[in-house]
file work10.cif (mmCIF, C-alpha atoms and all ligand atoms)
data_coords
#
loop_
_atom_site.group_PDB
_atom_site.id
_atom_site.type_symbol
_atom_site.label_atom_id
_atom_site.label_comp_id
_atom_site.auth_asym_id
_atom_site.auth_seq_id
_atom_site.Cartn_x
_atom_site.Cartn_y
_atom_site.Cartn_z
ATOM 1 C CA MET E 188 91.358 101.632 146.349
ATOM 2 C CA GLN E 189 93.541 100.722 143.404
ATOM 3 C CA LEU E 190 91.201 100.453 140.433
ATOM 4 C CA ASP E 191 92.728 99.244 137.177
ATOM 5 C CA VAL E 192 90.954 99.328 133.832
ATOM 6 C CA PHE E 193 92.188 97.437 130.781
ATOM 7 C CA THR E 194 90.836 98.867 127.558
ATOM 8 C CA LEU E 195 91.664 99.743 123.958
ATOM 9 C CA THR E 196 90.838 103.396 124.527
ATOM 10 C CA PRO E 197 92.412 104.701 127.759
ATOM 11 C CA HIS E 198 92.084 108.275 126.446
ATOM 12 C CA ALA E 199 88.276 107.928 126.542
ATOM 13 C CA TYR E 200 88.442 108.072 130.349
ATOM 14 C CA ALA E 201 89.783 111.642 130.442
ATOM 15 C CA TRP E 202 86.292 113.107 130.783
ATOM 16 C CA LEU E 203 85.440 110.792 133.662
ATOM 17 C CA THR E 204 88.543 111.698 135.627
ATOM 18 C CA GLU E 205 87.670 115.394 135.415
ATOM 19 C CA GLN E 206 84.189 114.902 136.869
ATOM 20 C CA ARG E 207 83.081 114.636 140.463
ATOM 21 C CA PRO E 208 83.056 112.366 142.340
ATOM 22 C CA VAL E 209 85.927 110.602 140.553
ATOM 23 C CA ALA E 210 88.006 113.816 140.411
ATOM 24 C CA THR E 211 87.421 114.396 144.130
ATOM 25 C CA VAL E 212 88.888 111.089 145.263
ATOM 26 C CA LEU E 213 91.571 110.665 142.578
ATOM 27 C CA GLY E 214 95.009 110.581 144.135
ATOM 28 C CA THR E 215 93.649 110.068 147.642
ATOM 29 C CA GLU E 216 91.047 107.321 148.094
ATOM 30 C CA LEU E 217 91.221 106.268 144.452
ATOM 31 C CA ASP E 218 94.239 105.263 142.399
ATOM 32 C CA LEU E 219 92.765 104.834 138.910
ATOM 33 C CA ARG E 220 95.140 103.227 136.423
ATOM 34 C CA LEU E 221 94.369 102.791 132.735
ATOM 35 C CA PHE E 222 96.102 100.171 130.618
ATOM 36 C CA SER E 223 95.869 99.521 126.901
ATOM 37 C CA TYR E 224 95.921 95.922 125.659
ATOM 38 C CA ARG E 225 97.869 97.232 122.672
ATOM 39 C CA ASP E 226 100.865 98.263 124.808
ATOM 40 C CA THR E 227 101.573 94.684 125.842
ATOM 41 C CA THR E 228 100.111 92.557 123.047
ATOM 42 C CA PRO E 229 102.481 89.758 121.965
ATOM 43 C CA LEU E 230 101.064 90.047 118.420
ATOM 44 C CA ARG E 231 102.368 92.170 115.607
ATOM 45 C CA SER E 232 101.002 95.572 114.633
ATOM 46 C CA GLY E 233 99.099 96.009 117.890
ATOM 47 C CA GLN E 234 96.679 93.191 117.082
ATOM 48 C CA VAL E 235 94.409 92.289 120.006
ATOM 49 C CA ASP E 236 91.447 90.403 118.550
ATOM 50 C CA ASP E 237 90.807 87.694 115.998
ATOM 51 C CA GLU E 238 88.125 85.932 113.965
ATOM 52 C CA PRO E 239 85.796 83.604 115.900
ATOM 53 C CA TYR E 240 86.393 79.866 115.611
ATOM 54 C CA GLY E 241 83.394 78.306 113.919
ATOM 55 C CA GLY E 242 82.954 81.358 111.746
ATOM 56 C CA GLY E 243 80.532 84.221 111.970
ATOM 57 C CA ALA E 244 80.701 87.973 112.110
ATOM 58 C CA GLY E 245 82.917 90.121 114.300
ATOM 59 C CA MET E 246 86.194 89.847 116.132
ATOM 60 C CA VAL E 247 86.932 88.325 119.529
ATOM 61 C CA LEU E 248 89.392 89.658 122.131
ATOM 62 C CA ARG E 249 92.240 87.117 122.392
ATOM 63 C CA VAL E 250 93.075 85.284 125.597
ATOM 64 C CA ASP E 251 96.852 85.524 125.022
ATOM 65 C CA VAL E 252 96.551 89.306 124.668
ATOM 66 C CA VAL E 253 94.644 89.727 127.933
ATOM 67 C CA SER E 254 96.962 87.290 129.700
ATOM 68 C CA ALA E 255 100.000 89.278 128.517
ATOM 69 C CA ALA E 256 98.415 92.504 129.775
ATOM 70 C CA LEU E 257 97.814 91.001 133.232
ATOM 71 C CA ASP E 258 101.340 89.522 133.276
ATOM 72 C CA ALA E 259 102.849 92.912 132.467
ATOM 73 C CA VAL E 260 101.021 94.706 135.251
ATOM 74 C CA TYR E 261 100.740 92.010 137.961
ATOM 75 C CA GLY E 262 103.262 89.352 136.945
ATOM 76 C CA GLY E 263 100.408 86.871 136.384
ATOM 77 C CA VAL E 264 96.747 86.536 137.273
ATOM 78 C CA PRO E 265 96.239 88.870 140.241
ATOM 79 C CA SER E 266 94.941 87.579 143.565
ATOM 80 C CA HIS E 267 92.305 90.351 143.735
ATOM 81 C CA ARG E 268 88.969 90.449 141.865
ATOM 82 C CA VAL E 269 89.116 90.789 138.094
ATOM 83 C CA VAL E 270 85.836 91.763 136.447
ATOM 84 C CA ALA E 271 84.961 91.106 132.808
ATOM 85 C CA LEU E 272 82.347 93.603 131.623
ATOM 86 C CA SER E 273 79.909 91.560 129.607
ATOM 87 C CA PRO E 274 76.188 91.474 128.768
ATOM 88 C CA GLN E 275 76.276 87.830 129.918
ATOM 89 C CA GLY E 276 77.489 88.798 133.397
ATOM 90 C CA ARG E 277 75.735 89.220 136.739
ATOM 91 C CA GLN E 278 73.492 92.276 136.651
ATOM 92 C CA LEU E 279 74.961 95.284 138.418
ATOM 93 C CA THR E 280 73.009 96.479 141.454
ATOM 94 C CA GLN E 281 73.740 98.999 144.190
ATOM 95 C CA GLU E 282 74.393 96.048 146.512
ATOM 96 C CA LEU E 283 77.115 94.783 144.167
ATOM 97 C CA VAL E 284 78.568 98.302 143.891
ATOM 98 C CA GLU E 285 78.830 98.487 147.705
ATOM 99 C CA GLU E 286 80.502 95.075 147.720
ATOM 100 C CA LEU E 287 83.085 96.143 145.128
ATOM 101 C CA ALA E 288 83.691 99.543 146.712
ATOM 102 C CA VAL E 289 85.293 97.971 149.795
ATOM 103 C CA GLU E 290 87.808 95.944 147.786
ATOM 104 C CA PRO E 291 91.334 97.353 148.196
ATOM 105 C CA LYS E 292 92.171 96.402 144.609
ATOM 106 C CA LEU E 293 89.929 95.793 141.634
ATOM 107 C CA THR E 294 90.529 95.217 137.937
ATOM 108 C CA LEU E 295 88.009 95.835 135.149
ATOM 109 C CA LEU E 296 88.370 94.346 131.679
ATOM 110 C CA SER E 297 86.648 95.972 128.724
ATOM 111 C CA ALA E 298 86.084 94.257 125.369
ATOM 112 C CA ARG E 299 84.542 95.295 122.047
ATOM 113 C CA TYR E 300 83.023 93.790 118.862
ATOM 114 C CA GLU E 301 81.976 90.189 119.712
ATOM 115 C CA GLY E 302 83.513 90.363 123.179
ATOM 116 C CA PHE E 303 85.903 88.114 125.110
ATOM 117 C CA ASP E 304 87.320 84.734 124.206
ATOM 118 C CA GLU E 305 85.409 82.742 126.851
ATOM 119 C CA ARG E 306 88.681 81.469 128.364
ATOM 120 C CA ILE E 307 89.372 85.024 129.570
ATOM 121 C CA VAL E 308 86.179 85.000 131.623
ATOM 122 C CA GLU E 309 86.715 81.409 132.813
ATOM 123 C CA HIS E 310 90.394 81.498 133.713
ATOM 124 C CA LEU E 311 91.533 85.108 134.126
ATOM 125 C CA CYS E 312 88.495 86.685 135.806
ATOM 126 C CA THR E 313 86.716 86.205 139.116
ATOM 127 C CA ASP E 314 83.546 88.037 138.076
ATOM 128 C CA SER E 315 81.579 88.932 135.001
ATOM 129 C CA ILE E 316 79.275 91.927 135.327
ATOM 130 C CA SER E 317 76.581 93.322 133.064
ATOM 131 C CA VAL E 318 75.400 96.919 133.478
ATOM 132 C CA GLY E 319 71.971 96.059 132.114
ATOM 133 C CA PRO E 320 69.984 93.827 129.782
ATOM 134 C CA TYR E 321 71.015 95.583 126.590
ATOM 135 C CA VAL E 322 74.087 95.531 124.349
ATOM 136 C CA LEU E 323 76.558 98.401 124.133
ATOM 137 C CA SER E 324 79.332 98.662 121.550
ATOM 138 C CA ASN E 325 82.172 98.172 123.987
ATOM 139 C CA GLY E 326 82.958 97.797 127.674
ATOM 140 C CA ASP E 327 84.151 101.334 128.260
ATOM 141 C CA LEU E 328 80.826 102.938 129.111
ATOM 142 C CA PRO E 329 80.105 99.994 131.481
ATOM 143 C CA ALA E 330 83.584 100.389 133.024
ATOM 144 C CA MET E 331 83.123 104.147 133.466
ATOM 145 C CA LEU E 332 79.697 103.587 134.966
ATOM 146 C CA LEU E 333 81.199 101.178 137.469
ATOM 147 C CA VAL E 334 84.120 103.505 138.273
ATOM 148 C CA ASP E 335 81.660 106.340 138.947
ATOM 149 C CA ALA E 336 79.333 104.184 141.076
ATOM 150 C CA ILE E 337 82.300 102.888 143.105
ATOM 151 C CA ALA E 338 84.016 106.286 143.440
ATOM 152 C CA ARG E 339 80.926 107.876 145.008
ATOM 153 C CA ARG E 340 80.990 105.219 147.743
ATOM 154 C CA LEU E 341 84.605 106.018 148.714
ATOM 155 C CA PRO E 342 85.251 108.176 151.796
ATOM 156 C CA GLY E 343 85.152 111.912 151.038
ATOM 157 C CA ALA E 344 83.681 111.508 147.549
ATOM 158 C CA LEU E 345 80.392 113.194 148.371
ATOM 159 C CA ALA E 346 79.326 116.109 150.500
ATOM 160 C CA GLU E 347 78.554 115.084 154.081
ATOM 161 C CA GLY E 348 75.312 113.094 154.255
ATOM 162 C CA SER E 349 74.419 113.154 150.571
ATOM 163 C CA GLY E 350 75.382 109.544 149.910
ATOM 164 C CA GLU E 351 73.572 108.060 152.880
ATOM 165 C CA ILE E 352 69.918 108.612 152.112
ATOM 166 C CA GLU E 353 69.472 107.881 148.447
ATOM 167 C CA SER E 354 67.803 105.354 146.181
ATOM 168 C CA PHE E 355 68.615 101.704 147.037
ATOM 169 C CA SER E 356 70.193 102.661 150.396
ATOM 170 C CA ALA E 357 69.475 100.730 153.597
ATOM 171 C CA GLU E 358 68.107 103.988 155.073
ATOM 172 C CA LEU E 359 65.333 103.903 152.478
ATOM 173 C CA GLY E 360 64.837 100.147 152.866
ATOM 174 C CA GLY E 361 66.345 99.615 149.416
ATOM 175 C CA GLY E 362 63.555 101.727 147.866
ATOM 176 C CA LEU E 363 63.637 104.695 145.526
ATOM 177 C CA GLU E 364 64.144 108.145 146.962
ATOM 178 C CA TYR E 365 61.221 110.483 147.627
ATOM 179 C CA PRO E 366 60.636 113.381 145.184
ATOM 180 C CA HIS E 367 62.632 116.608 145.498
ATOM 181 C CA TYR E 368 61.487 120.167 144.758
ATOM 182 C CA THR E 369 63.154 123.577 144.693
ATOM 183 C CA ARG E 370 62.182 127.203 143.915
ATOM 184 C CA PRO E 371 59.846 128.465 142.595
ATOM 185 C CA ALA E 372 57.166 127.072 144.901
ATOM 186 C CA GLU E 373 54.622 127.488 142.121
ATOM 187 C CA PHE E 374 55.256 127.287 138.358
ATOM 188 C CA ARG E 375 52.438 127.322 135.775
ATOM 189 C CA GLY E 376 50.110 126.325 138.570
ATOM 190 C CA TRP E 377 52.283 123.344 139.504
ATOM 191 C CA GLN E 378 52.592 123.533 143.274
ATOM 192 C CA VAL E 379 55.278 122.184 145.540
ATOM 193 C CA PRO E 380 53.611 120.003 148.226
ATOM 194 C CA GLU E 381 52.540 122.378 151.008
ATOM 195 C CA VAL E 382 54.152 120.228 153.686
ATOM 196 C CA LEU E 383 57.652 120.872 152.298
ATOM 197 C CA LEU E 384 57.166 124.620 152.813
ATOM 198 C CA SER E 385 55.984 124.191 156.395
ATOM 199 C CA GLY E 386 59.406 124.397 158.048
ATOM 200 C CA ASP E 387 58.304 121.557 160.343
ATOM 201 C CA HIS E 388 61.194 119.099 160.182
ATOM 202 C CA ALA E 389 59.276 116.168 161.703
ATOM 203 C CA VAL E 390 56.350 116.594 159.311
ATOM 204 C CA VAL E 391 58.725 116.848 156.343
ATOM 205 C CA GLU E 392 60.514 113.655 157.462
ATOM 206 C CA ARG E 393 57.213 111.809 157.765
ATOM 207 C CA TRP E 394 56.133 112.992 154.282
ATOM 208 C CA ARG E 395 59.450 111.851 152.810
ATOM 209 C CA LYS E 396 59.176 108.407 154.424
ATOM 210 C CA GLU E 397 55.671 108.053 153.020
ATOM 211 C CA HIS E 398 56.931 108.957 149.568
ATOM 212 C CA VAL E 399 59.794 106.457 149.312
ATOM 213 C CA ARG E 400 58.938 104.503 146.178
HETATM 214 C C1 LIG L 1 78.998 94.423 121.258
HETATM 215 S S1 LIG L 1 79.351 93.846 122.860
HETATM 216 C C2 LIG L 1 79.381 92.111 122.636
HETATM 217 C C3 LIG L 1 78.019 91.533 122.617
HETATM 218 C C4 LIG L 1 78.036 90.009 122.601
HETATM 219 N N1 LIG L 1 78.460 89.529 121.316
HETATM 220 C C5 LIG L 1 76.647 89.496 122.919
HETATM 221 O O1 LIG L 1 75.865 89.266 122.019
HETATM 222 O O2 LIG L 1 76.345 89.356 124.122
HETATM 223 C C6 LIG L 1 81.066 94.226 123.056
HETATM 224 C C7 LIG L 1 81.521 94.413 124.472
HETATM 225 O O3 LIG L 1 80.860 95.527 125.053
HETATM 226 C C8 LIG L 1 80.743 95.343 126.453
HETATM 227 N N2 LIG L 1 79.324 95.382 126.790
HETATM 228 C C9 LIG L 1 78.285 95.542 125.945
HETATM 229 N N3 LIG L 1 77.121 95.559 126.595
HETATM 230 C C10 LIG L 1 77.400 95.406 127.896
HETATM 231 C C11 LIG L 1 76.600 95.335 129.078
HETATM 232 N N4 LIG L 1 75.278 95.409 129.047
HETATM 233 N N5 LIG L 1 77.236 95.200 130.260
HETATM 234 C C12 LIG L 1 78.586 95.112 130.336
HETATM 235 N N6 LIG L 1 79.393 95.153 129.236
HETATM 236 C C13 LIG L 1 78.807 95.305 128.042
HETATM 237 C C14 LIG L 1 81.394 94.000 126.761
HETATM 238 O O4 LIG L 1 82.751 94.224 127.149
HETATM 239 C C15 LIG L 1 81.279 93.285 125.441
HETATM 240 O O5 LIG L 1 82.218 92.251 125.318
#
call {"tool": "encode", "arguments": {"input": "work10.cif", "output": "structure tokens", "more": "lines below"}}
Ligand SMILES: C[S@@+](CC[C@H](N)C(=O)[O-])C[C@H]1O[C@@H](n2cnc3c(N)ncnc32)[C@H](O)[C@@H]1O
result
Amino acid sequence: MQLDVFTLTPHAYAWLTEQRPVATVLGTELDLRLFSYRDTTPLRSGQVDDEPYGGGAGMVLRVDVVSAALDAVYGGVPSHRVVALSPQGRQLTQELVEELAVEPKLTLLSARYEGFDERIVEHLCTDSISVGPYVLSNGDLPAMLLVDAIARRLPGALAEGSGEIESFSAELGGGLEYPHYTRPAEFRGWQVPEVLLSGDHAVVERWRKEHVR
């Protein structure tokens, strides 16, 4: 997958690219490209946002700036999906992650301050996605969250089997995964469920099914 992120802070993604699973698939299943709006802005002094028409606080990311960034990279509005990260967008779910993870190309747009000039969302994007019903300071944490969630669905990102049975998966009927325990079997009187120590695979499986939440 070619995954492009447009942002004002490409350097902020360094941490993400060093972490699994993104690091595991980088250069093979994932081609992650980071672009700064400032590199292609048609405005002077690296300007990218402006005061809102109608007045009010904050600055708004300009449509001509985002259009110029897309022109520079794709020669126009790309034919693949372009996602604006916005609190007003469709709420992100695992189902939507799975849908995006099979796209061969995907573009994410991050904004800051007051957000996007609405014409960006209307005319330059195919999707608008929110990572939750709360407001963050910019779209970079949402973009990183989405990159991570997508990367772990790409082939080879996870150890064999570990991405199949997990919360929200079809294997668990879309439910939340059963509880996990590890050593010690008893700590301050807190016991691991006896059944998990039994060594009886079928009984353990049944217990886990019963404890999907
Ligand atoms: C401070 S927010 C803008 C909030 C906007 N004025 C509002 O009231 O809805 C700045 C940017 O952060 C990103 N952002 C903040 N919260 C987000 C969320 N829950 N999901 C996705 N992106 C978010 C978006 O790119 C947004 O344009």
call {"tool": "resolve_selection", "arguments": {"input": "work10.cif", "expression": "the PyMOL selection byres (((not hetatm)) within 7 of (chain L and resi 1))", "output": "PyMOL selection string"}}
result
chain E and resi 271-275+297-303+316-326+329
call {"tool": "closest_residue", "arguments": {"input": "work10.cif", "among": "E:Glu392, E:Asp304, E:Asp237, E:Asp191", "to": "Leu257 in chain E", "atoms": "only C-alpha atoms"}}
result
E:Asp191
call {"tool": "residues_around", "arguments": {"input": "work10.cif", "residues": "Leu203 in chain E", "least_positions_apart": "4", "cutoff": "9 Å", "atoms": "all atoms listed in the file", "output": "number ranges by chain"}}
result
E: 199, 207, 209-210, 331, 334-335
call {"tool": "resolve_selection", "arguments": {"input": "work10.cif", "expression": "the PyMOL selection byres (((chain E and resi 194) around 10) and not hetatm)", "output": "mmCIF file with C-alpha atoms, in the coordinates of the input"}}
result
data_model
loop_
_atom_site.group_PDB
_atom_site.id
_atom_site.type_symbol
_atom_site.label_atom_id
_atom_site.label_comp_id
_atom_site.auth_asym_id
_atom_site.auth_seq_id
_atom_site.Cartn_x
_atom_site.Cartn_y
_atom_site.Cartn_z
ATOM 1 C CA ASP E 191 92.728 99.244 137.177
ATOM 2 C CA VAL E 192 90.954 99.328 133.832
ATOM 3 C CA PHE E 193 92.188 97.437 130.781
ATOM 4 C CA LEU E 195 91.664 99.743 123.958
ATOM 5 C CA THR E 196 90.838 103.396 124.527
ATOM 6 C CA PRO E 197 92.412 104.701 127.759
ATOM 7 C CA HIS E 198 92.084 108.275 126.446
ATOM 8 C CA ALA E 199 88.276 107.928 126.542
ATOM 9 C CA TYR E 200 88.442 108.072 130.349
ATOM 10 C CA LEU E 221 94.369 102.791 132.735
ATOM 11 C CA PHE E 222 96.102 100.171 130.618
ATOM 12 C CA SER E 223 95.869 99.521 126.901
ATOM 13 C CA TYR E 224 95.921 95.922 125.659
ATOM 14 C CA ARG E 225 97.869 97.232 122.672
ATOM 15 C CA VAL E 253 94.644 89.727 127.933
ATOM 16 C CA LEU E 295 88.009 95.835 135.149
ATOM 17 C CA LEU E 296 88.370 94.346 131.679
ATOM 18 C CA SER E 297 86.648 95.972 128.724
ATOM 19 C CA ALA E 298 86.084 94.257 125.369
ATOM 20 C CA ARG E 299 84.542 95.295 122.047
ATOM 21 C CA ASN E 325 82.172 98.172 123.987
ATOM 22 C CA GLY E 326 82.958 97.797 127.674
ATOM 23 C CA ASP E 327 84.151 101.334 128.260
ATOM 24 C CA ALA E 330 83.584 100.389 133.024
#
call {"tool": "closest_residue", "arguments": {"input": "work10.cif", "among": "E:Ala372, E:Ile337, E:Val264, E:Val212", "to": "Leu279 in chain E", "atoms": "only C-alpha atoms"}}
result
E:Ile337
call {"tool": "residues_around", "arguments": {"input": "work10.cif", "residues": "Glu397 in chain E", "least_positions_apart": "3", "cutoff": "12 Å", "atoms": "only C-alpha atoms", "output": "list in words"}}
result
Leu359, Gly362, Leu363, Glu364, Tyr365, Pro366, Val390, Val391, Glu392, Arg393, Trp394 and Arg400 of chain E
call {"tool": "closest_residue", "arguments": {"input": "work10.cif", "among": "E:Ser266, E:Gln281, E:Thr227, E:Gln189", "to": "Arg339 in chain E", "atoms": "only C-alpha atoms"}}
result
E:Gln281
call {"tool": "resolve_selection", "arguments": {"input": "work10.cif", "expression": "the PyMOL selection byres (((chain E and resi 312) around 8) and not hetatm)", "output": "MDAnalysis selection string"}}
result
chainID E and resid 268:271 307:311 313:315
call {"tool": "atom_distance", "arguments": {"input": "work10.cif", "atom1": "CA of Asp258 in chain E", "atom2": "CA of Asp226 in chain E"}}
result
12.2 Å
call {"tool": "atom_distance", "arguments": {"input": "work10.cif", "atom1": "CA of Ser349 in chain E", "atom2": "CA of Leu328 in chain E"}}
result
24.6 Å
call {"tool": "residues_near_point", "arguments": {"input": "work10.cif", "point": "(84.8, 109.5, 147.0)", "cutoff": "7 Å", "atoms": "all atoms listed in the file", "output": "PyMOL selection string"}}
result
chain E and resi 208-209+211-212+216+338-345
call {"tool": "atom_distance", "arguments": {"input": "work10.cif", "atom1": "CA of Met246 in chain E", "atom2": "CA of Gly233 in chain E"}}
result
14.4 Å
call {"tool": "residues_around", "arguments": {"input": "work10.cif", "residues": "Ala255 in chain E", "least_positions_apart": "4", "cutoff": "8 Å", "atoms": "all atoms listed in the file", "output": "JSON, numbers by chain"}}
result
{"E": [227, 228, 229, 251, 259]}
call {"tool": "residues_near_point", "arguments": {"input": "work10.cif", "point": "(62.2, 124.4, 147.1)", "cutoff": "10 Å", "atoms": "all atoms listed in the file", "output": "list in words"}}
result
His367, Tyr368, Thr369, Arg370, Pro371, Ala372, Glu373, Val379, Pro380, Leu383 and Leu384 of chain E
call {"tool": "closest_residue", "arguments": {"input": "work10.cif", "among": "E:Trp377, E:Ala256, E:Glu285, E:Ala201", "to": "Gly350 in chain E", "atoms": "all atoms listed in the file"}}
result
E:Glu285
call {"tool": "axis_aligned_box", "arguments": {"input": "work10.cif", "around": "range 200-219 of chain E", "padding_each_side": "5 Å", "output": "lines of an AutoDock Vina configuration file"}}
result
center_x = 89.0
center_y = 110.1
center_z = 139.2
size_x = 22.0
size_y = 20.6
size_z = 27.7
